[in-house]
Structure formats: C-alpha cells, structure tokens
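S.K.: Sharing target-v8.txt below, compact mmCIF, C-alpha atoms and all ligand atoms:
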```txt
# COMPACT_ATOMS: atom_id res chain seq x y z
CA MET L 1 102.95 116.01 123.32
CA ASN L 2 101.98 113.93 126.31
CA THR L 3 104.12 111.56 128.27
CA THR L 4 102.68 108.46 126.71
CA ARG L 5 103.45 109.65 123.21
CA ARG L 6 106.97 110.65 124.19
CA GLY L 7 107.48 107.25 125.76
CA PHE L 8 106.26 105.52 122.65
CA LEU L 9 108.54 107.52 120.37
CA LYS L 10 111.48 106.90 122.61
CA GLY L 11 110.72 103.21 122.59
CA THR L 12 110.32 103.17 118.84
CA ALA L 13 113.62 104.88 118.22
CA GLY L 14 115.23 102.57 120.71
CA ALA L 15 113.80 99.57 118.96
CA VAL L 16 116.29 100.03 116.14
CA GLY L 17 119.41 100.87 118.16
CA ALA L 18 122.31 98.52 118.27
CA ALA L 19 121.65 97.57 121.85
CA ALA L 20 118.06 98.39 121.71
CA LEU L 21 116.21 95.93 119.57
CA MET L 22 116.57 93.59 122.53
CA SER L 23 112.90 93.00 123.19
CA LEU L 24 112.12 92.24 119.60
CA GLN L 25 115.42 90.78 118.58
CA GLY L 26 116.16 88.74 121.67
CA HIS L 27 113.98 86.01 120.34
CA THR L 28 115.76 86.10 117.00
CA ASP L 29 119.11 85.73 118.69
CA GLN L 30 117.77 82.74 120.53
CA VAL L 31 116.42 81.25 117.33
CA LEU L 32 119.74 81.82 115.59
CA ALA L 33 121.67 80.39 118.50
CA ASN L 34 119.63 77.24 118.15
CA ILE L 35 119.89 76.93 114.42
CA VAL L 36 123.52 77.92 113.99
CA GLY L 37 124.79 75.25 116.36
CA ASP L 38 128.51 75.76 116.03
CA PRO L 39 128.62 79.44 115.04
CA LYS L 40 132.35 79.50 114.25
CA LYS L 41 132.19 76.56 111.90
CA ALA L 42 128.96 77.68 110.29
CA TYR L 43 130.24 81.21 109.84
CA ALA L 44 133.48 80.02 108.30
CA GLN L 45 131.44 78.05 105.80
CA ALA L 46 128.82 80.67 105.18
CA GLY L 47 131.46 83.34 104.77
CA THR L 48 132.53 81.66 101.56
CA TYR L 49 129.10 82.17 100.00
CA PRO L 50 127.39 85.36 98.85
CA ALA L 51 124.74 86.84 101.10
CA ASN L 52 121.16 86.53 99.93
CA MET L 53 120.57 90.24 100.53
CA MET L 54 118.65 92.31 98.02
CA GLY L 55 117.44 95.81 97.50
CA ALA L 56 113.79 96.71 98.02
CA GLU L 57 113.77 99.26 95.20
CA LEU L 58 111.09 98.86 92.56
CA PRO L 59 112.99 98.32 89.29
CA PRO L 60 112.00 100.16 86.10
CA VAL L 61 109.24 98.63 83.99
CA SER L 62 110.54 95.94 81.62
CA GLN L 63 108.33 93.87 79.35
CA GLU L 64 111.05 91.22 78.99
CA ILE L 65 111.42 88.65 81.76
CA THR L 66 114.26 86.17 81.56
CA LEU L 67 114.64 83.70 84.39
CA GLU L 68 117.03 80.85 85.14
CA THR L 69 116.53 78.28 87.86
CA PRO L 70 119.93 77.40 89.35
CA HIS L 71 120.40 75.78 92.73
CA ASN L 72 123.04 77.68 94.63
CA ILE L 73 124.33 78.30 98.11
CA ARG L 74 123.91 81.63 99.84
CA GLU L 75 123.89 83.01 103.33
CA ILE L 76 120.30 83.72 104.44
CA ALA L 77 121.25 85.04 107.89
CA PRO L 78 124.61 85.76 109.49
CA GLY L 79 126.43 82.44 109.66
CA VAL L 80 123.68 80.44 107.97
CA ALA L 81 124.51 79.01 104.54
CA TYR L 82 121.57 77.54 102.67
CA GLU L 83 121.13 75.74 99.37
CA LEU L 84 118.51 77.71 97.50
CA TRP L 85 116.36 76.46 94.69
CA SER L 86 116.19 79.77 92.94
CA PHE L 87 115.06 82.09 90.23
CA ASN L 88 118.21 83.88 89.04
CA GLY L 89 120.24 82.84 92.06
CA THR L 90 118.35 84.49 94.91
CA GLY L 91 115.37 83.64 97.09
CA PRO L 92 113.04 85.45 96.50
CA GLY L 93 113.80 85.81 92.81
CA PRO L 94 114.23 89.26 91.30
CA HIS L 95 111.53 91.87 91.82
CA LEU L 96 109.73 92.14 88.46
CA HIS L 97 107.91 95.22 87.16
CA VAL L 98 105.67 95.24 84.09
CA LYS L 99 102.83 97.37 82.80
CA GLU L 100 99.11 96.62 82.64
CA GLY L 101 97.91 95.83 79.13
CA GLU L 102 101.37 95.56 77.57
CA LEU L 103 102.77 92.30 76.21
CA VAL L 104 105.37 90.52 78.33
CA LYS L 105 107.99 88.38 76.61
CA PHE L 106 108.89 85.62 79.03
CA SER L 107 111.61 83.00 78.87
CA MET L 108 112.88 80.56 81.47
CA THR L 109 115.88 78.24 81.24
CA ASN L 110 116.50 75.41 83.66
CA PRO L 111 120.26 74.91 84.03
CA ASP L 112 119.90 72.46 86.91
CA ASP L 113 121.18 68.99 86.11
CA HIS L 114 118.69 66.89 88.01
CA MET L 115 115.42 68.65 88.81
CA GLN L 116 112.44 70.02 86.89
CA HIS L 117 111.14 73.51 87.60
CA SER L 118 108.31 75.67 86.28
CA ILE L 119 106.65 79.08 86.45
CA ASP L 120 103.30 80.30 87.76
CA PHE L 121 102.53 84.01 87.42
CA HIS L 122 99.63 85.10 89.62
CA ALA L 123 99.49 88.25 87.46
CA ALA L 124 98.61 86.20 84.36
CA GLN L 125 95.55 84.39 83.05
CA LEU L 126 97.00 81.27 81.45
CA ALA L 127 96.06 77.61 81.16
CA TRP L 128 98.03 75.68 83.73
CA GLU L 129 98.38 72.54 81.60
CA LYS L 130 99.96 74.52 78.75
CA TYR L 131 102.09 77.20 80.35
CA TYR L 132 102.88 76.14 83.90
CA GLN L 133 104.29 72.71 83.18
CA ALA L 134 107.67 71.31 84.13
CA VAL L 135 110.78 72.55 82.37
CA ASN L 136 113.32 69.76 82.15
CA PRO L 137 116.99 70.22 83.03
CA GLY L 138 118.76 71.92 80.15
CA GLU L 139 115.54 73.12 78.48
CA THR L 140 114.07 76.56 77.84
CA HIS L 141 110.39 77.46 78.06
CA ALA L 142 109.10 80.70 76.53
CA PHE L 143 105.75 82.36 75.99
CA ASP L 144 104.21 85.82 75.75
CA TRP L 145 101.41 87.05 77.98
CA THR L 146 99.63 90.25 78.87
CA PRO L 147 98.90 91.37 82.44
CA ASN L 148 95.30 92.64 82.52
CA PHE L 149 95.13 93.60 86.17
CA PRO L 150 97.45 96.01 87.99
CA GLY L 151 98.83 95.14 91.40
CA VAL L 152 101.45 93.20 93.30
CA PHE L 153 101.39 89.50 92.56
CA MET L 154 103.33 86.42 93.51
CA TYR L 155 105.21 84.30 91.01
CA HIS L 156 106.59 80.90 91.88
CA CYS L 157 107.67 77.49 90.75
CA GLY L 158 104.69 75.15 90.59
CA THR L 159 106.48 71.83 90.24
CA PRO L 160 105.42 69.20 92.78
CA PRO L 161 105.96 69.18 95.65
CA VAL L 162 105.14 72.87 95.31
CA LEU L 163 105.65 73.39 99.05
CA ALA L 164 109.29 72.36 98.70
CA HIS L 165 109.94 74.46 95.58
CA ILE L 166 108.44 77.61 97.09
CA GLY L 167 109.88 76.85 100.54
CA ASN L 168 113.40 76.48 99.15
CA GLY L 169 113.28 79.91 97.52
CA MET L 170 111.43 79.67 94.21
CA HIS L 171 109.11 82.61 94.69
CA GLY L 172 109.04 86.34 94.09
CA ALA L 173 106.96 89.45 93.44
CA ILE L 174 105.81 90.90 90.13
CA VAL L 175 104.41 94.42 90.27
CA VAL L 176 102.03 95.37 87.45
CA GLN L 177 101.96 99.13 87.04
CA PRO L 178 98.45 100.50 86.39
CA LYS L 179 98.11 101.50 82.70
CA ASP L 180 97.62 105.15 83.65
CA GLY L 181 100.16 104.96 86.47
CA TRP L 182 99.47 105.86 90.09
CA PRO L 183 97.87 109.29 90.63
CA GLU L 184 100.84 110.53 92.64
CA PRO L 185 104.55 109.72 92.41
CA ALA L 186 106.00 108.13 95.52
CA ARG L 187 109.03 106.51 97.06
CA GLU L 188 108.30 102.91 96.07
CA TYR L 189 109.66 99.70 97.55
CA VAL L 190 108.98 96.00 97.12
CA LEU L 191 108.92 93.68 100.12
CA VAL L 192 108.47 89.93 99.94
CA GLN L 193 107.65 88.17 103.18
CA SER L 194 108.58 84.49 103.23
CA GLU L 195 109.68 81.69 105.50
CA TRP L 196 112.78 79.52 105.83
CA TYR L 197 112.63 75.98 107.20
CA LEU L 198 116.11 74.79 108.06
CA GLY L 199 117.61 71.35 108.23
CA ASP L 200 120.72 70.73 110.31
CA PRO L 201 124.01 71.68 108.69
CA GLU L 202 125.33 68.89 106.52
CA ALA L 203 128.94 67.77 106.16
CA ASP L 204 129.66 70.76 103.90
CA GLY L 205 128.33 73.15 106.58
CA VAL L 206 125.36 74.02 104.36
CA ARG L 207 121.72 73.75 105.42
CA ARG L 208 119.01 72.51 103.16
CA GLY L 209 115.25 72.81 103.46
CA ASN L 210 113.50 70.67 106.05
CA THR L 211 110.32 69.34 104.46
CA GLN L 212 108.93 68.07 107.77
CA LYS L 213 109.03 71.62 109.15
CA MET L 214 107.55 72.93 105.90
CA THR L 215 104.68 70.48 106.16
CA ALA L 216 104.13 71.33 109.82
CA GLY L 217 104.30 75.08 109.05
CA THR L 218 106.95 75.72 111.71
CA PRO L 219 109.51 78.07 110.16
CA ASP L 220 112.85 78.93 111.73
CA MET L 221 112.77 82.34 110.10
CA VAL L 222 110.19 84.67 108.62
CA VAL L 223 111.98 87.35 106.61
CA PHE L 224 111.65 90.24 104.20
CA ASN L 225 113.36 89.80 100.82
CA GLY L 226 115.06 86.61 101.88
CA TYR L 227 117.57 87.65 104.54
CA LEU L 228 117.03 87.88 108.28
CA ASN L 229 116.59 91.46 109.52
CA GLN L 230 118.48 92.90 106.52
CA TYR L 231 116.66 96.24 106.63
CA GLN L 232 117.81 96.98 110.14
CA ALA L 233 121.41 97.45 109.09
CA ASN L 234 120.35 98.94 105.75
CA PRO L 235 117.02 100.71 106.33
CA LEU L 236 114.66 101.83 103.63
CA VAL L 237 114.83 105.61 103.45
CA ALA L 238 112.28 108.38 102.92
CA ASP L 239 111.92 112.09 103.52
CA PRO L 240 109.55 113.49 106.12
CA GLY L 241 106.09 113.96 104.59
CA GLU L 242 107.02 112.15 101.38
CA LEU L 243 104.50 109.67 100.00
CA ILE L 244 105.83 106.13 100.57
CA ARG L 245 104.31 103.28 98.58
CA LEU L 246 105.18 99.74 99.65
CA HIS L 247 104.30 96.80 97.43
CA VAL L 248 104.19 93.86 99.84
CA CYS L 249 103.87 90.29 98.60
CA ASN L 250 103.46 87.37 100.95
CA CYS L 251 105.12 84.40 99.28
CA GLY L 252 104.67 82.13 102.30
CA PRO L 253 104.64 79.29 101.59
CA THR L 254 102.33 79.00 104.62
CA VAL L 255 102.38 81.82 107.20
CA TRP L 256 99.98 84.77 106.86
CA SER L 257 101.27 88.31 107.14
CA ALA L 258 99.86 91.03 109.39
CA PHE L 259 101.80 93.87 107.80
CA HIS L 260 102.22 96.94 109.97
CA VAL L 261 104.54 99.95 110.26
CA ILE L 262 105.20 100.96 113.84
CA GLY L 263 104.51 104.67 114.29
CA ALA L 264 102.60 105.08 111.02
CA ILE L 265 99.12 104.62 109.59
CA PHE L 266 98.41 103.62 106.00
CA GLU L 267 96.51 106.54 104.52
CA ALA L 268 95.58 104.16 101.73
CA ALA L 269 95.86 100.42 101.36
CA TYR L 270 95.02 98.49 98.20
CA ALA L 271 94.23 94.77 98.38
CA ASP L 272 96.44 92.94 95.87
CA GLY L 273 97.82 96.34 94.90
CA ASN L 274 94.90 97.26 92.64
CA PRO L 275 94.12 101.00 92.87
CA LEU L 276 90.38 100.18 92.74
CA ASN L 277 90.62 98.15 95.96
CA LYS L 278 91.21 101.21 98.13
CA GLN L 279 90.89 101.24 101.90
CA VAL L 280 91.82 104.19 104.10
CA GLY L 281 93.28 104.71 107.56
CA MET L 282 94.51 101.15 107.96
CA GLN L 283 96.78 100.14 110.85
CA THR L 284 97.55 96.56 109.75
CA VAL L 285 96.71 94.66 106.59
CA THR L 286 96.18 90.93 106.30
CA ILE L 287 98.10 89.37 103.43
CA PRO L 288 97.49 85.69 102.73
CA PRO L 289 100.20 83.43 101.34
CA GLY L 290 100.00 83.99 97.60
CA GLY L 291 98.57 87.50 98.03
CA GLY L 292 99.75 91.08 98.04
CA TYR L 293 98.97 94.56 99.26
CA THR L 294 100.12 98.00 98.27
CA VAL L 295 100.14 100.44 101.17
CA GLU L 296 100.74 104.19 101.17
CA MET L 297 101.78 106.40 104.03
CA ARG L 298 103.29 109.77 104.76
CA ILE L 299 105.44 110.03 107.86
CA PRO L 300 105.58 113.61 109.07
CA ASP L 301 108.27 113.31 111.74
CA GLU L 302 111.90 112.34 111.26
CA GLY L 303 112.73 109.07 112.97
CA PHE L 304 112.99 105.29 112.75
CA TYR L 305 109.81 103.43 111.84
CA PRO L 306 110.00 99.62 112.03
CA PHE L 307 107.94 97.52 109.62
CA VAL L 308 106.90 94.09 110.78
CA THR L 309 104.47 91.30 110.56
CA HIS L 310 102.40 92.04 113.64
CA SER L 311 101.89 88.32 114.10
CA PHE L 312 104.37 88.36 116.94
CA ALA L 313 105.36 84.73 117.05
CA TYR L 314 107.06 85.51 113.74
CA THR L 315 108.19 89.12 114.18
CA GLY L 316 111.26 88.04 116.13
CA ARG L 317 112.20 85.49 113.49
CA GLY L 318 113.58 88.07 111.10
CA ALA L 319 110.54 89.97 109.80
CA LEU L 320 111.54 93.33 111.17
CA GLY L 321 112.95 96.12 109.03
CA ILE L 322 113.26 99.86 109.40
CA ILE L 323 112.11 102.87 107.42
CA LYS L 324 114.52 105.71 108.23
CA VAL L 325 112.75 109.02 107.73
CA GLY L 326 115.03 112.05 107.42
CA ASN L 327 118.31 111.95 109.29
CA PRO L 328 117.44 110.96 112.83
CA THR L 329 120.07 110.11 115.41
CA MET L 330 119.89 106.88 117.30
CA PRO L 331 119.92 107.20 121.07
CA GLU L 332 122.81 105.27 122.62
CA THR L 333 120.60 103.50 125.05
CA THR L 334 116.92 103.48 125.60
CA GLN L 335 114.26 101.11 126.72
CA MET L 336 111.19 99.68 125.19
CA SER L 337 108.09 101.26 126.56
CA GLY L 338 104.44 101.73 125.77
CA GLY L 339 102.87 100.97 122.46
CA HIS L 340 104.70 97.78 121.62
CU CU D 1 111.11 74.50 91.15
```
Here is the file; what I need is its structure written in the form of structure tokens.
Ligand SMILES: [Cu+2]
M.R.:
Amino acid sequence: MNTTRRGFLKGTAGAVGAAALMSLQGHTDQVLANIVGDPKKAYAQAGTYPANMMGAELPPVSQEITLETPHNIREIAPGVAYELWSFNGTGPGPHLHVKEGELVKFSMTNPDDHMQHSIDFHAAQLAWEKYYQAVNPGETHAFDWTPNFPGVFMYHCGTPPVLAHIGNGMHGAIVVQPKDGWPEPAREYVLVQSEWYLGDPEADGVRRGNTQKMTAGTPDMVVFNGYLNQYQANPLVADPGELIRLHVCNCGPTVWSAFHVIGAIFEAAYADGNPLNKQVGMQTVTIPPGGGYTVEMRIPDEGFYPFVTHSFAYTGRGALGIIKVGNPTMPETTQMSGGH
C-alpha cells in the first residue's frame, strides 16, 4: 500500500470522526448556525416534537399501501422544527416495497382540515385525470394498480403547486422487486435524497416551507431520508465483502444527485433500478429529480465509507451518511487528506 492510499484511507476514516468531519461538516454547521438563529429557543421548541429520522432498511414486500396525509411538526435537523405536509407523518413518506406484476391495493385518506392532496406513483401507468386528482379533506381515494416495471421509483403528491407539496415533504420511494427477484441476495437499503427550504421560525418556534427559496432552487438542506446527516450518528452497516444494494431515489424537488460512495466503486449500477439497465464499474451516478438508481458494491476492507451527493455545494448541507463495514475503530483525531 503506497503513501497516497494510506493517506486517503486515513482521511476517509477521519471524515466520520466526531471531530473529524470538519472539512465536510463545517459548512453544515455554518448553514445550521444561520438557519437556527436562536439555538436555545429553537431547540426548546423542537425538542417537543418527534425527530423526522427514519430507517433505511428495505421493508418486506406488501401489496397493500395505505397512506394518510396529515400535516405535522417534526424536527428535521437538531434544533429545527418544521411543519411537514406528509404521507403518514414523515417526510419522505414510508419506504414502499411491492412486486412486479402483482396487484397493489392502494388507499389514501386525507385527514387534513383545509388542504387537498393527491398521489402520483412513478411506478404505475395510470391516467392522471382519473387517478391522480385531488383528495378533499376528510375523503378517501382508493384504486388498484399493477407495477409492470421493476425498479426504484418516486411517489409524490401532485396537487398544485406541486413544488410546494413535494418541497414540504410529500414524496417518497417505492421499490418494485423484479418478478424473479435479484440474482443475488444482498444487504439492501433505501435512500431518498431531497431538499428542505426553510422559512424563518414563526411565533410558535416552528419553520414552514419558503416557497421563494423553492422557486429559486436554493435549499437550506439537502438530506437523505429527511433528516440532516442522520446516518453519521447511525451508520448503515455491512460486512466486509458482502454485497450491498442501495436503492436511491432523488425526490428533489429540484436539485440533481451525483450519488457516490467514498472509498468504493459500484460494481453494478442500474438506471431507475431496473436490472436490465446495467452499467458496471461506476464511480458516481447521476439521478435526476423524479428518478432513481440501484447501485451494488462489495467493500472488501473494514472501515467507514461515506455516501454523498458529489455535487459539493450540497454535500455539506446534510447529504452525507456513512456505511460502516465490519467493526472499525474511529481514530481520535486525524486530518483530511488526499482524495477528497
Ligand atoms: Cu399534497
């Protein structure tokens, strides 16, 4: 192993240490300092709300999807309380997992008292004017559909202004398992990349979406599964040499994803998660808003492997998680060097 490689590994491991994410996280701290304003007050408020943190595990296949569309308040970063427009209370909504060619029974109830919502499944082939129309407060909308293409797809609310509904949290990922399954079992995770556009805290200490920022495409945060940097404290885990399969959905609403795992190469990458769309030896994949990718890798050496959007204006805004391979120890102090 040459010096450069050692330096890179040292830097990579250091990138996830408590004191060590400085280069990448410094910007995030700055962003948070700006958005939090009065941290004590904001934290006191946010502390009374549940955190919008969620697992990345791929749930078992279920051909029944039941969604509700409440507005509720959750913390989306330490000290930042936000009023979500949601599917089932979180933003993104729940990770969904169905099977190619098998009927899905879908039902959605809108318990909100003042706003219409709707559904749009990118995994479906359905007439917009029949199936994707507004569901009034207090009403339920139900239909059956069959996913004919495997992959990782976005679902979202399509009620105008769509930008505001998606931007306030009404988006998520639906994974359609290929009818014959994947050729090889793997450690599978679901990651949704999306943006938050924050207004100033209101009298109740809660932030709501800023539509001017949404329109300008200038997010305060770009995150995985809805919460800033959540997979640093709680990394995804894998064993050395194990096949890892990540289903990554970019729900936007606006920023593109350059998905990359530091220290790894995708031995296979499938555009929109369809096994027929296979590419090999990929370093970074481009995922448009409203698109997905399934990537596979094996990581031979124990260690910490950050996953990011390699579009670096956004990396430091919360889109940095960790895959912990084996049981590595974190160096107390280290410095960023080489590579990144
Ligand atoms: Cu909506």
S.K.: Report as JSON, numbers by chain all protein, DNA and RNA residues lying within 7 Å of region 249-254 of chain L, evaluated on only C-alpha atoms, omitting residues in the same chain fewer than 6 positions from it.
M.R.: {"L": [152, 153, 154, 163, 166, 167, 171, 172, 173, 191, 192, 193, 194, 195, 217, 287, 288, 289, 290, 291, 292, 293]}
S.K.: Deliver the residues from the most recent selection as a file, using C-alpha atoms, as a short mmCIF file (atom, residue, chain, number, x, y, z; two decimals), in the frame of the given file.
M.R.:
```cif
data_model
loop_
_atom_site.label_atom_id
_atom_site.label_comp_id
_atom_site.auth_asym_id
_atom_site.auth_seq_id
_atom_site.Cartn_x
_atom_site.Cartn_y
_atom_site.Cartn_z
CA VAL L 152 101.45 93.20 93.30
CA PHE L 153 101.39 89.50 92.56
CA MET L 154 103.33 86.42 93.51
CA LEU L 163 105.65 73.39 99.05
CA ILE L 166 108.44 77.61 97.09
CA GLY L 167 109.88 76.85 100.54
CA HIS L 171 109.11 82.61 94.69
CA GLY L 172 109.04 86.34 94.09
CA ALA L 173 106.96 89.45 93.44
CA LEU L 191 108.92 93.68 100.12
CA VAL L 192 108.47 89.93 99.94
CA GLN L 193 107.65 88.17 103.18
CA SER L 194 108.58 84.49 103.23
CA GLU L 195 109.68 81.69 105.50
CA GLY L 217 104.30 75.08 109.05
CA ILE L 287 98.10 89.37 103.43
CA PRO L 288 97.49 85.69 102.73
CA PRO L 289 100.20 83.43 101.34
CA GLY L 290 100.00 83.99 97.60
CA GLY L 291 98.57 87.50 98.03
CA GLY L 292 99.75 91.08 98.04
CA TYR L 293 98.97 94.56 99.26
#
```
S.K.: Work out how far apart CA of Glu202 (chain L) and CA of Pro70 (chain L) are and give it in Å to one decimal.
M.R.: 19.9 Å
S.K.: What residues have any atom no more than 8 Å from ligand CU 1 (chain D) when counting only C-alpha atoms and all ligand atoms, and can you list them as a list in words?
M.R.: Thr69, Trp85, Ser86, Met115, Gln116, His117, Ser118, Ile119, His156, Cys157, Gly158, Thr159, Pro160, Val162, His165, Ile166 and Met170 of chain L
S.K.: Rounded to one decimal in Å, what is the spacing between CA of Glu184 (chain L) and CA of Leu320 (chain L)?
M.R.: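 CA of Leu320 (chain L) lies at a distance of 27.5 Å from CA of Glu184 (chain L).
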S.K.: Using only C-alpha atoms, which protein or nucleic acid residues come within 9 Å of Thr66 (chain L)? Drop anything in the same chain fewer than 2 positions from it, and give the result as a list in words.
M.R.: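 After dropping sequence-adjacent residues, the list is Glu64, Glu68, Asn88, Lys105, Phe106, Ser107, Met108 and Thr109 of chain L.
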S.K.: Please indicate the distance in Å from CA of Asn168 (chain L) to CA of Tyr132 (chain L), rounded to one decimal place.
M.R.: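 CA of Tyr132 (chain L) lies 18.5 Å from CA of Asn168 (chain L).
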S.K.: Taking only C-alpha atoms into account, which of L:Pro219, L:Pro150, L:Gly281, L:Gly55 comes nearest Gly199 (chain L)?
M.R.: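 Of all the options, L:Pro219 lies closest to Gly199 (chain L).
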S.K.: Tell me which of L:Gly326, L:Gly91, L:Pro50, L:Pro178 sits closest to Gly273 (chain L), counting only C-alpha atoms.
M.R.: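 With only C-alpha atoms as the atom set, the closest residue is L:Pro178.
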S.K.: Kindly indicate which residue among L:Val248, L:Met214, L:Met53, L:Val206 lies nearest to Gln230 (chain L), using only C-alpha atoms for the distances.
M.R.: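 Nearest candidate to Gln230 (chain L) out of L:Val248, L:Met214, L:Met53, L:Val206: L:Met53.
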S.K.: Taking all atoms listed in the file into account, name the residue in L:Ile174, L:Arg208, L:Thr146, L:Gly241 that is nearest to Ile73 (chain L).
M.R.: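 When distances to Ile73 (chain L) are compared using all atoms listed in the file, the smallest one comes from L:Arg208.
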S.K.: Would you save region 167-237 of chain L to a file, keeping C-alpha atoms, as a compact mmCIF listing (two decimals), in the first residue's frame?
M.R.:
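Writing done, so here's decode-v5.txt:
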```txt
# COMPACT_ATOMS: atom_id res chain seq x y z
CA GLY L 167 -40.94 20.56 -1.13
CA ASN L 168 -42.85 20.38 2.16
CA GLY L 169 -42.34 16.62 2.42
CA MET L 170 -44.93 14.85 0.27
CA HIS L 171 -42.60 12.49 -1.52
CA GLY L 172 -41.09 9.06 -1.09
CA ALA L 173 -39.64 5.94 -2.72
CA ILE L 174 -41.43 2.83 -3.92
CA VAL L 175 -39.21 -0.13 -4.76
CA VAL L 176 -40.67 -2.65 -7.20
CA GLN L 177 -38.99 -6.01 -6.74
CA PRO L 178 -38.24 -7.79 -10.05
CA LYS L 179 -40.72 -10.67 -10.56
CA ASP L 180 -37.90 -13.22 -10.40
CA GLY L 181 -36.07 -11.31 -7.69
CA TRP L 182 -32.47 -10.13 -7.90
CA PRO L 183 -29.93 -12.80 -8.91
CA GLU L 184 -28.07 -12.49 -5.62
CA PRO L 185 -29.27 -11.66 -2.11
CA ALA L 186 -27.76 -8.51 -0.65
CA ARG L 187 -27.83 -6.08 2.22
CA GLU L 188 -30.46 -3.69 0.87
CA TYR L 189 -31.16 -0.10 1.85
CA VAL L 190 -33.40 2.69 0.59
CA LEU L 191 -32.13 6.26 0.45
CA VAL L 192 -34.22 9.25 -0.58
CA GLN L 193 -32.34 12.43 -1.37
CA SER L 194 -34.41 15.58 -1.01
CA GLU L 195 -34.20 19.25 -0.15
CA TRP L 196 -35.57 21.48 2.61
CA TYR L 197 -36.30 25.16 2.04
CA LEU L 198 -36.78 26.90 5.36
CA GLY L 199 -38.71 29.97 6.34
CA ASP L 200 -37.80 31.88 9.48
CA PRO L 201 -39.15 30.44 12.73
CA GLU L 202 -42.66 31.67 13.41
CA ALA L 203 -44.12 32.69 16.76
CA ASP L 204 -44.51 29.02 17.73
CA GLY L 205 -40.80 28.40 17.02
CA VAL L 206 -41.71 26.23 14.02
CA ARG L 207 -40.41 26.75 10.50
CA ARG L 208 -42.52 26.32 7.44
CA GLY L 209 -41.52 25.94 3.81
CA ASN L 210 -40.23 29.01 1.99
CA THR L 211 -41.77 29.00 -1.48
CA GLN L 212 -39.48 31.76 -2.75
CA LYS L 213 -36.46 29.58 -1.99
CA MET L 214 -38.22 26.58 -3.54
CA THR L 215 -38.87 28.54 -6.71
CA ALA L 216 -35.28 29.80 -6.80
CA GLY L 217 -33.95 26.28 -6.13
CA THR L 218 -31.81 27.41 -3.19
CA PRO L 219 -32.24 24.81 -0.45
CA ASP L 220 -31.01 25.22 3.11
CA MET L 221 -30.52 21.48 3.40
CA VAL L 222 -30.09 18.53 1.08
CA VAL L 223 -30.61 15.34 3.07
CA PHE L 224 -31.01 11.58 2.97
CA ASN L 225 -34.32 10.22 4.29
CA GLY L 226 -35.42 13.59 5.57
CA TYR L 227 -33.04 14.38 8.44
CA LEU L 228 -29.73 16.21 8.27
CA ASN L 229 -26.72 13.88 8.49
CA GLN L 230 -28.74 11.18 10.30
CA TYR L 231 -26.58 8.32 9.02
CA GLN L 232 -23.44 9.73 10.58
CA ALA L 233 -24.63 9.04 14.11
CA ASN L 234 -26.45 5.88 12.99
CA PRO L 235 -24.49 4.47 10.03
CA LEU L 236 -25.76 1.87 7.63
CA VAL L 237 -23.91 -1.36 8.36
```
